[in-house]
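**Student:** For reference, the file model_35.txt (compact mmCIF, C-alpha atoms) is included below:
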```
# COMPACT_ATOMS: atom_id res chain seq x y z
CA MET Y 1 72.47 85.68 -66.25
CA THR Y 2 71.81 84.11 -69.61
CA GLU Y 3 70.13 80.73 -69.82
CA ALA Y 4 73.16 79.12 -71.48
CA ARG Y 5 75.52 80.40 -68.81
CA ARG Y 6 73.29 79.14 -66.02
CA THR Y 7 73.11 75.72 -67.71
CA PHE Y 8 76.91 75.51 -67.90
CA GLN Y 9 77.23 76.52 -64.28
CA GLN Y 10 74.76 73.84 -63.25
CA ALA Y 11 76.70 71.24 -65.23
CA LEU Y 12 79.97 72.32 -63.63
CA ALA Y 13 78.41 72.23 -60.18
CA LEU Y 14 77.18 68.68 -60.87
CA ALA Y 15 80.69 67.67 -61.93
CA ALA Y 16 82.18 69.19 -58.77
CA LEU Y 17 79.56 67.48 -56.62
CA SER Y 18 80.37 64.15 -58.28
CA VAL Y 19 84.05 64.56 -57.46
CA LEU Y 20 83.22 65.29 -53.81
CA VAL Y 21 80.82 62.36 -53.45
CA ALA Y 22 83.23 60.00 -55.24
CA ALA Y 23 86.13 61.10 -53.03
CA ALA Y 24 84.05 60.57 -49.89
CA ILE Y 25 82.56 57.19 -50.85
CA HIS Y 26 85.72 55.69 -52.40
CA PHE Y 27 88.18 57.18 -49.93
CA PRO Y 28 89.66 53.79 -48.86
CA LEU Y 29 90.13 52.76 -52.49
CA ILE Y 30 91.75 56.11 -53.35
CA GLN Y 31 94.14 55.64 -50.40
CA ARG Y 32 95.12 52.22 -51.79
CA PHE Y 33 95.75 53.75 -55.21
CA ALA Y 34 97.83 56.53 -53.62
CA ARG Y 35 99.91 53.86 -51.85
CA GLY Y 36 100.78 52.37 -55.22
CA GLU Y 37 98.26 49.55 -55.66
CA PHE Y 38 96.66 49.05 -59.11
CA ARG Y 39 99.56 50.80 -60.89
CA GLU Y 40 100.19 47.80 -63.14
CA THR Y 41 96.75 46.33 -63.36
CA PHE Y 42 93.32 46.77 -61.78
CA PHE Y 43 92.78 43.16 -61.01
CA VAL Y 44 92.95 42.40 -57.31
CA GLN Y 45 95.19 39.42 -56.70
CA ALA Y 46 92.95 38.17 -53.89
CA ASP Y 47 90.01 37.92 -56.32
CA TYR Y 48 92.06 35.82 -58.76
CA PRO Y 49 94.34 33.64 -56.63
CA GLY Y 50 95.25 31.45 -59.61
CA VAL Y 51 96.43 34.33 -61.81
CA ARG Y 52 99.98 35.68 -61.57
CA LEU Y 53 102.00 38.11 -63.66
CA VAL Y 54 105.33 36.65 -64.75
CA THR Y 55 108.50 38.05 -66.26
CA LEU Y 56 109.96 36.97 -69.59
CA ALA Y 57 112.63 34.87 -67.83
CA GLU Y 58 109.98 32.90 -65.91
CA ALA Y 59 107.89 32.43 -69.05
CA GLU Y 60 110.94 31.21 -70.96
CA ASP Y 61 111.78 28.69 -68.22
CA LEU Y 62 108.22 27.38 -68.30
CA TRP Y 63 108.30 27.13 -72.11
CA ARG Y 64 111.62 25.26 -72.09
CA GLY Y 65 110.23 22.92 -69.41
CA GLY Y 66 107.68 21.86 -72.04
CA GLU Y 67 104.82 21.18 -69.65
CA THR Y 68 103.12 24.55 -69.82
CA THR Y 69 100.52 25.45 -72.43
CA PHE Y 70 100.98 28.90 -73.94
CA LEU Y 71 97.87 30.75 -75.09
CA ASP Y 72 98.14 33.62 -77.57
CA ALA Y 73 95.33 36.16 -77.01
CA ARG Y 74 96.14 38.29 -80.08
CA ALA Y 75 94.11 38.40 -83.29
CA ALA Y 76 94.47 35.30 -85.50
CA ASP Y 77 96.38 37.12 -88.28
CA LEU Y 78 99.03 38.34 -85.82
CA TYR Y 79 99.31 34.79 -84.48
CA GLU Y 80 99.90 33.50 -88.02
CA GLU Y 81 102.69 36.04 -88.59
CA GLY Y 82 104.58 34.74 -85.59
CA HIS Y 83 103.95 33.27 -82.13
CA VAL Y 84 105.58 31.38 -79.30
CA PRO Y 85 106.21 27.83 -80.61
CA ARG Y 86 103.45 25.37 -79.57
CA ALA Y 87 101.21 28.24 -78.38
CA ARG Y 88 97.48 27.91 -79.00
CA SER Y 89 95.57 30.79 -80.59
CA VAL Y 90 92.74 32.18 -78.45
CA PRO Y 91 91.94 35.63 -79.93
CA ALA Y 92 90.18 38.01 -77.55
CA ALA Y 93 87.25 38.29 -79.96
CA GLU Y 94 86.68 34.53 -79.75
CA ILE Y 95 87.19 34.02 -76.03
CA GLY Y 96 83.49 33.25 -75.64
CA THR Y 97 83.49 30.41 -78.17
CA LEU Y 98 87.00 29.05 -77.59
CA THR Y 99 86.97 28.95 -73.81
CA PRO Y 100 84.50 26.02 -73.64
CA VAL Y 101 86.80 24.09 -76.03
CA LEU Y 102 89.79 24.74 -73.77
CA VAL Y 103 87.74 23.73 -70.74
CA GLN Y 104 86.90 20.42 -72.41
CA ARG Y 105 90.41 19.64 -73.61
CA MET Y 106 92.55 20.67 -70.67
CA ALA Y 107 92.73 19.69 -67.05
CA LYS Y 108 91.88 22.49 -64.64
CA GLU Y 109 95.27 21.93 -63.00
CA ALA Y 110 97.15 22.53 -66.29
CA ALA Y 111 99.80 25.25 -66.13
CA LEU Y 112 98.97 28.04 -68.57
CA VAL Y 113 100.82 31.12 -69.76
CA VAL Y 114 98.79 33.74 -71.62
CA TYR Y 115 100.16 36.64 -73.58
CA CYS Y 116 99.06 39.39 -75.98
CA GLU Y 117 100.90 42.04 -77.98
CA GLY Y 118 102.71 43.58 -75.02
CA GLY Y 119 102.86 47.22 -73.97
CA ASP Y 120 99.42 48.18 -72.75
CA CYS Y 121 97.53 45.26 -74.31
CA GLN Y 122 94.80 43.91 -72.07
CA SER Y 123 93.48 40.79 -73.79
CA SER Y 124 95.84 38.39 -71.98
CA LEU Y 125 94.49 39.58 -68.65
CA ILE Y 126 90.89 39.34 -69.88
CA LEU Y 127 91.55 35.77 -71.03
CA ALA Y 128 93.30 34.94 -67.74
CA LYS Y 129 90.33 36.16 -65.72
CA ARG Y 130 87.92 34.23 -67.91
CA LEU Y 131 89.93 31.01 -67.53
CA HIS Y 132 90.12 31.59 -63.79
CA ASP Y 133 86.33 31.92 -63.66
CA GLU Y 134 86.12 28.62 -65.58
CA GLY Y 135 88.09 26.92 -62.80
CA PHE Y 136 91.67 26.87 -64.09
CA LYS Y 137 94.03 27.18 -61.17
CA ASP Y 138 97.45 28.05 -62.59
CA ILE Y 139 97.36 30.91 -65.07
CA ARG Y 140 100.35 33.16 -65.61
CA VAL Y 141 100.27 36.35 -67.61
CA LEU Y 142 103.40 37.32 -69.51
CA SER Y 143 103.08 41.07 -69.03
CA GLY Y 144 105.73 41.97 -71.63
CA GLY Y 145 103.78 39.97 -74.20
CA TRP Y 146 104.85 38.90 -77.68
CA GLU Y 147 106.81 42.14 -78.18
CA GLU Y 148 109.19 41.24 -75.34
CA TRP Y 149 109.48 37.59 -76.39
CA LYS Y 150 110.36 38.59 -79.96
CA ARG Y 151 112.77 41.36 -78.90
CA ALA Y 152 114.67 38.87 -76.75
CA GLY Y 153 115.25 36.74 -79.86
CA LEU Y 154 113.49 33.69 -78.40
CA PRO Y 155 112.23 30.95 -80.73
CA GLU Y 156 109.17 31.68 -82.80
CA GLU Y 157 106.87 29.82 -85.12
CA THR Y 158 104.57 30.99 -87.94
CA GLY Y 159 101.31 29.65 -89.39
CA ASP Y 160 97.81 29.10 -88.06
CA ASP Y 161 96.70 27.02 -85.12
CA GLN Y 162 96.37 23.47 -86.44
CA GLU Y 163 94.21 22.10 -83.63
CA MET F 1 61.21 70.05 -80.37
CA ILE F 2 58.62 68.25 -78.22
CA ARG F 3 56.41 70.53 -76.11
CA ASN F 4 54.19 67.92 -74.47
CA ARG F 5 54.97 68.17 -70.73
CA PRO F 6 53.89 64.66 -69.66
CA LEU F 7 55.91 63.17 -72.53
CA LEU F 8 58.97 65.21 -71.56
CA LEU F 9 58.58 64.00 -67.99
CA VAL F 10 58.52 60.39 -69.25
CA PHE F 11 61.67 61.10 -71.31
CA ARG F 12 63.41 62.52 -68.23
CA ILE F 13 62.42 59.56 -66.05
CA VAL F 14 63.53 56.99 -68.66
CA LEU F 15 66.84 58.73 -69.41
CA GLY F 16 67.55 59.62 -65.78
CA GLY F 17 66.69 56.08 -64.71
CA LEU F 18 69.04 54.57 -67.30
CA PHE F 19 71.86 56.82 -66.13
CA ILE F 20 71.24 56.06 -62.46
CA TYR F 21 71.26 52.33 -63.26
CA ALA F 22 74.43 52.63 -65.37
CA GLY F 23 76.12 54.56 -62.55
CA VAL F 24 75.08 52.19 -59.77
CA VAL F 25 76.38 49.05 -61.51
CA LYS F 26 79.75 50.80 -61.91
CA VAL F 27 79.89 52.19 -58.37
CA VAL F 28 79.70 48.69 -56.92
CA ASP F 29 82.71 47.54 -58.99
CA PRO F 30 85.02 50.53 -59.54
CA LEU F 31 88.06 48.41 -60.36
CA GLY F 32 86.14 46.42 -62.93
CA PHE F 33 85.03 49.65 -64.58
CA ALA F 34 88.59 51.02 -64.39
CA GLN F 35 89.71 47.93 -66.30
CA ASP F 36 86.94 48.49 -68.86
CA ILE F 37 88.25 52.04 -69.41
CA ARG F 38 91.83 50.75 -69.59
CA ASN F 39 90.79 48.21 -72.22
CA TYR F 40 90.01 51.07 -74.62
CA ARG F 41 93.78 51.75 -74.57
CA LEU F 42 93.34 55.51 -74.85
CA VAL F 43 94.36 56.62 -71.37
CA GLY F 44 96.80 55.35 -68.77
CA GLN F 45 96.29 53.66 -65.45
CA SER F 46 95.85 56.83 -63.32
CA ILE F 47 93.31 58.52 -65.56
CA SER F 48 91.40 55.22 -65.88
CA PHE F 49 91.25 55.00 -62.09
CA VAL F 50 90.08 58.60 -61.57
CA ALA F 51 87.47 58.29 -64.33
CA ALA F 52 86.21 54.99 -62.89
CA VAL F 53 85.75 56.59 -59.47
CA VAL F 54 84.12 59.86 -60.59
CA LEU F 55 82.18 59.06 -63.78
CA PRO F 56 79.61 56.70 -62.18
CA TRP F 57 78.69 59.38 -59.62
CA LEU F 58 78.35 61.96 -62.37
CA GLU F 59 75.92 59.59 -64.11
CA ILE F 60 73.95 58.94 -60.93
CA LEU F 61 73.73 62.59 -59.86
CA ALA F 62 72.90 63.86 -63.36
CA GLY F 63 70.23 61.14 -63.70
CA ALA F 64 68.73 61.92 -60.29
CA PHE F 65 68.72 65.69 -60.86
CA LEU F 66 67.16 65.23 -64.29
CA ILE F 67 64.31 63.16 -62.85
CA ALA F 68 63.83 65.53 -59.90
CA GLY F 69 63.77 68.51 -62.25
CA VAL F 70 66.41 70.31 -60.19
CA TRP F 71 69.09 71.95 -62.36
CA ARG F 72 67.30 70.17 -65.18
CA ARG F 73 69.17 71.82 -68.03
CA GLY F 74 72.52 71.40 -66.33
CA ALA F 75 71.81 67.70 -65.75
CA ALA F 76 70.63 67.32 -69.37
CA LEU F 77 73.80 69.04 -70.59
CA VAL F 78 75.98 66.63 -68.58
CA ILE F 79 74.07 63.64 -69.93
CA THR F 80 74.09 64.75 -73.56
CA GLY F 81 77.79 65.65 -73.24
CA LEU F 82 78.55 62.19 -71.87
CA LEU F 83 76.53 60.53 -74.63
CA VAL F 84 78.33 62.47 -77.37
CA PHE F 85 81.62 61.45 -75.73
CA PHE F 86 80.53 57.77 -75.58
CA ILE F 87 79.49 57.82 -79.25
CA VAL F 88 82.81 59.35 -80.37
CA LEU F 89 84.69 56.89 -78.16
CA THR F 90 82.82 53.93 -79.65
CA LEU F 91 83.50 55.15 -83.21
CA ILE F 92 87.21 55.59 -82.45
CA THR F 93 87.32 52.12 -80.89
CA MET F 94 85.66 50.57 -83.95
CA ALA F 95 87.98 52.46 -86.30
CA ARG F 96 90.98 51.12 -84.38
CA GLY F 97 89.62 47.60 -84.69
CA LEU F 98 89.63 47.00 -80.93
CA ASP F 99 87.26 44.38 -79.60
CA VAL F 100 86.32 45.52 -76.11
CA ASP F 101 83.31 45.52 -73.82
CA CYS F 102 81.73 48.97 -73.93
CA GLY F 103 81.57 49.05 -70.12
CA CYS F 104 78.23 50.85 -70.36
CA PHE F 105 76.14 48.76 -67.96
CA GLY F 106 78.59 46.73 -65.89
CA SER F 107 78.23 42.99 -66.44
CA LEU F 108 75.36 43.58 -68.90
CA SER F 109 77.71 45.48 -71.22
CA ARG F 110 77.96 44.43 -74.82
CA ARG F 111 80.83 44.72 -77.27
CA SER F 112 81.56 48.21 -78.56
CA GLY F 113 79.86 48.49 -81.94
CA TRP F 114 76.91 49.84 -83.93
CA GLY F 115 74.39 48.51 -81.39
CA VAL F 116 75.93 50.67 -78.67
CA ILE F 117 75.91 53.70 -80.98
CA VAL F 118 72.22 53.23 -81.82
CA GLU F 119 71.37 52.97 -78.10
CA ASP F 120 73.40 56.10 -77.36
CA LEU F 121 71.74 58.00 -80.22
CA GLY F 122 68.32 57.07 -78.85
CA MET F 123 69.31 58.36 -75.41
CA LEU F 124 70.89 61.44 -76.98
CA TYR F 125 67.53 62.31 -78.56
CA LEU F 126 65.84 62.12 -75.14
CA GLY F 127 68.64 64.21 -73.64
CA LEU F 128 68.39 66.91 -76.30
CA CYS F 129 64.61 67.09 -75.77
CA ALA F 130 65.21 67.63 -72.04
CA LEU F 131 67.97 70.15 -72.71
CA PHE F 132 66.12 72.36 -75.19
CA SER F 133 62.47 71.98 -74.17
CA LYS F 134 60.81 75.23 -73.08
CA GLN F 135 57.75 73.70 -71.51
CA ASP F 136 59.11 72.77 -68.10
CA ALA F 137 59.36 75.55 -65.59
CA GLN F 138 62.96 76.26 -64.66
CA ARG F 139 64.01 75.94 -61.07
```
Could you write out this structure as structure tokens?
**Tutor:**
Amino acid sequence: MTEARRTFQQALALAALSVLVAAAIHFPLIQRFARGEFRETFFVQADYPGVRLVTLAEAEDLWRGGETTFLDARAADLYEEGHVPRARSVPAAEIGTLTPVLVQRMAKEAALVVYCEGGDCQSSLILAKRLHDEGFKDIRVLSGGWEEWKRAGLPEETGDDQE
Amino acid sequence: MIRNRPLLLVFRIVLGGLFIYAGVVKVVDPLGFAQDIRNYRLVGQSISFVAAVVLPWLEILAGAFLIAGVWRRGAALVITGLLVFFIVLTLITMARGLDVDCGCFGSLSRRSGWGVIVEDLGMLYLGLCALFSKQDAQR
């Protein structure tokens, strides 16, 4: 057997062994996945009791109620092109620097709705987790994101975040 | 290529150790790692889950086998293959302008960028030395 062929076989055997070990060790987790958990998101609700996914209708109700702060997790230039009226801009790249500002300015009990582009964007969830870790207790993630809000013809605003 | 056996052993221990460490921090939080993979926005939920469950064990086993010197070339091939994949993935992520955690070392991960590529290139050099060195006896 040539050296190269033996090397490939060893690598394949290692890959197969990894699959077996992973299947054995993570069997309970794999069962949960097979039952349909984690199909939308990997975050475990029990780990983030203050974070909930909401539909567009719920988000719209909250926005019309006027007491919920909307946070836009998209890049600043996308925010400037159009965003949910009164939403604050908290781009994913600046979560680290902007989160302390939010912590200072807002009560931990404040109701928050976070959103990003929509589709498979993840930054709203990242921001939600971060805010949860900072102690905020009511964070809702608009899973359809800006795309869904805009498609529904709901009000929008342009320009940068003035605050 | 380096032929100094003690030096090659050090390379194997350093590289194998890094991979074992990287694997262990992911094994303890598979869902967190699955989310890291998902954040790259290249694959869907199911593939992210499968990769998050299997990849850390591949890192641990390849690292352990490399240090032990068992199936050394096979382990080195897995590690260099993974590193090339990580480098390409990081370049694609940068080109797409995504700002994500690399997910390399669990909570110690940094943002995907040139720093990650330099680290990976350093490890790739060690991996290639282990893969192509003739000095170690094969088992």
**Student:** Please check the contacts: residues of chain Y at most 10 Å away from chain F, using only C-alpha atoms, listed as a short mmCIF file (atom, residue, chain, number, x, y, z; two decimals) with C-alpha atoms, in the coordinates of the input.
**Tutor:**
```cif
data_model
loop_
_atom_site.label_atom_id
_atom_site.label_comp_id
_atom_site.auth_asym_id
_atom_site.auth_seq_id
_atom_site.Cartn_x
_atom_site.Cartn_y
_atom_site.Cartn_z
CA GLU Y 3 70.13 80.73 -69.82
CA ALA Y 4 73.16 79.12 -71.48
CA ARG Y 5 75.52 80.40 -68.81
CA ARG Y 6 73.29 79.14 -66.02
CA THR Y 7 73.11 75.72 -67.71
CA PHE Y 8 76.91 75.51 -67.90
CA GLN Y 9 77.23 76.52 -64.28
CA GLN Y 10 74.76 73.84 -63.25
CA ALA Y 11 76.70 71.24 -65.23
CA LEU Y 12 79.97 72.32 -63.63
CA ALA Y 13 78.41 72.23 -60.18
CA LEU Y 14 77.18 68.68 -60.87
CA ALA Y 15 80.69 67.67 -61.93
CA ALA Y 16 82.18 69.19 -58.77
CA LEU Y 17 79.56 67.48 -56.62
CA SER Y 18 80.37 64.15 -58.28
CA VAL Y 19 84.05 64.56 -57.46
CA LEU Y 20 83.22 65.29 -53.81
CA VAL Y 21 80.82 62.36 -53.45
CA ALA Y 22 83.23 60.00 -55.24
CA ALA Y 23 86.13 61.10 -53.03
CA ILE Y 25 82.56 57.19 -50.85
CA HIS Y 26 85.72 55.69 -52.40
CA PHE Y 27 88.18 57.18 -49.93
CA LEU Y 29 90.13 52.76 -52.49
CA ILE Y 30 91.75 56.11 -53.35
CA PHE Y 33 95.75 53.75 -55.21
CA ALA Y 34 97.83 56.53 -53.62
CA PHE Y 38 96.66 49.05 -59.11
CA ARG Y 39 99.56 50.80 -60.89
CA GLU Y 40 100.19 47.80 -63.14
CA THR Y 41 96.75 46.33 -63.36
CA PHE Y 42 93.32 46.77 -61.78
CA PHE Y 43 92.78 43.16 -61.01
CA VAL Y 44 92.95 42.40 -57.31
CA ALA Y 75 94.11 38.40 -83.29
CA PRO Y 91 91.94 35.63 -79.93
CA ALA Y 92 90.18 38.01 -77.55
CA ALA Y 93 87.25 38.29 -79.96
CA GLU Y 94 86.68 34.53 -79.75
CA ASP Y 120 99.42 48.18 -72.75
CA CYS Y 121 97.53 45.26 -74.31
CA GLN Y 122 94.80 43.91 -72.07
CA SER Y 123 93.48 40.79 -73.79
CA LEU Y 125 94.49 39.58 -68.65
CA ILE Y 126 90.89 39.34 -69.88
#
```
**Student:** Return the single residue from F:Gly127, F:Arg110, F:Phe105, F:Gly97 that is closest to Val84 in chain F, with distances computed using only C-alpha atoms.
**Tutor:**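 Residue with the minimum atom-to-atom distance to Val84 in chain F: F:Gly127.
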**Student:** Which value, in Å to one decimal, gives the distance between CA of Arg105 in chain Y and CA of Glu58 in chain Y?
**Tutor:**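 Pair CA of Arg105 in chain Y / CA of Glu58 in chain Y returns 24.9 Å.
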**Student:** I'd like the neighbourhood of range 7-20 of chain F as a list in words, where a residue qualifies if any of its atoms comes within 7 Å (using only C-alpha atoms), though same-chain residues fewer than 5 positions away should be ignored.
**Tutor:**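 Close residues of range 7-20 of chain F: Glu59, Ile60, Gly63, Ala64, Leu66, Ile67, Met123, Leu126 and Ala130 of chain F.
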**Student:** What is the distance, in Å and to one decimal place, between CA of Gly145 in chain Y and CA of Leu56 in chain Y?
**Tutor:**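 Those two atoms sit 8.3 Å apart.
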**Student:** Would you mind telling me which residue in Y:Glu109, Y:Asp138, Y:Glu117, Y:Asp47 lies nearest to Arg151 in chain Y when using only C-alpha atoms?
**Tutor:**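 Smallest separation from Arg151 in chain Y among the options: Y:Glu117.
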**Student:** One decimal, Å: what's the distance from CA of Leu53 in chain Y over to CA of Arg140 in chain Y, could you say?
**Tutor:**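 Distance reported for this atom pair: 5.6 Å.
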**Student:** Which protein, DNA or RNA residues are at most 10 Å from (81.4, 56.9, -75.8) in the file's coordinates when you count only C-alpha atoms, listed as a ChimeraX atom specification?
**Tutor:** /F:81-93,102-104,112,116-117,120
**Student:** Start from the incomplete input, build N, CA and C atoms for range 110-128 of chain F, and deliver everything as a tab-separated table (two decimals), keeping the file's coordinate frame.
**Tutor:**
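Final file, selection.tsv:
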```tsv
chain	number	residue	atom	x	y	z
F	110	ARG	N	77.73	45.18	-73.59
F	110	ARG	CA	77.96	44.43	-74.82
F	110	ARG	C	79.24	44.94	-75.48
F	111	ARG	N	79.62	44.29	-76.57
F	111	ARG	CA	80.83	44.72	-77.27
F	111	ARG	C	80.59	46.10	-77.89
F	112	SER	N	81.65	46.90	-77.92
F	112	SER	CA	81.56	48.21	-78.56
F	112	SER	C	81.24	48.01	-80.04
F	113	GLY	N	80.21	48.67	-80.53
F	113	GLY	CA	79.86	48.49	-81.94
F	113	GLY	C	78.64	49.33	-82.29
F	114	TRP	N	78.04	49.03	-83.45
F	114	TRP	CA	76.91	49.84	-83.93
F	114	TRP	C	75.73	49.79	-82.98
F	115	GLY	N	75.51	48.64	-82.33
F	115	GLY	CA	74.39	48.51	-81.39
F	115	GLY	C	74.49	49.54	-80.28
F	116	VAL	N	75.69	49.71	-79.75
F	116	VAL	CA	75.93	50.67	-78.67
F	116	VAL	C	75.66	52.09	-79.19
F	117	ILE	N	76.09	52.36	-80.43
F	117	ILE	CA	75.91	53.70	-80.98
F	117	ILE	C	74.42	54.00	-81.17
F	118	VAL	N	73.66	53.02	-81.64
F	118	VAL	CA	72.22	53.23	-81.82
F	118	VAL	C	71.55	53.52	-80.47
F	119	GLU	N	71.92	52.73	-79.45
F	119	GLU	CA	71.37	52.97	-78.10
F	119	GLU	C	71.70	54.39	-77.64
F	120	ASP	N	72.97	54.77	-77.81
F	120	ASP	CA	73.40	56.10	-77.36
F	120	ASP	C	72.68	57.21	-78.13
F	121	LEU	N	72.45	56.99	-79.42
F	121	LEU	CA	71.74	58.00	-80.22
F	121	LEU	C	70.30	58.15	-79.74
F	122	GLY	N	69.67	57.03	-79.40
F	122	GLY	CA	68.32	57.07	-78.85
F	122	GLY	C	68.28	57.89	-77.57
F	123	MET	N	69.25	57.62	-76.68
F	123	MET	CA	69.31	58.36	-75.41
F	123	MET	C	69.66	59.82	-75.66
F	124	LEU	N	70.50	60.06	-76.67
F	124	LEU	CA	70.89	61.44	-76.98
F	124	LEU	C	69.66	62.26	-77.40
F	125	TYR	N	68.76	61.62	-78.16
F	125	TYR	CA	67.53	62.31	-78.56
F	125	TYR	C	66.73	62.73	-77.32
F	126	LEU	N	66.58	61.79	-76.37
F	126	LEU	CA	65.84	62.12	-75.14
F	126	LEU	C	66.54	63.25	-74.40
F	127	GLY	N	67.87	63.19	-74.35
F	127	GLY	CA	68.64	64.21	-73.64
F	127	GLY	C	68.50	65.58	-74.27
F	128	LEU	N	68.51	65.62	-75.60
F	128	LEU	CA	68.39	66.91	-76.30
F	128	LEU	C	66.99	67.49	-76.09
```
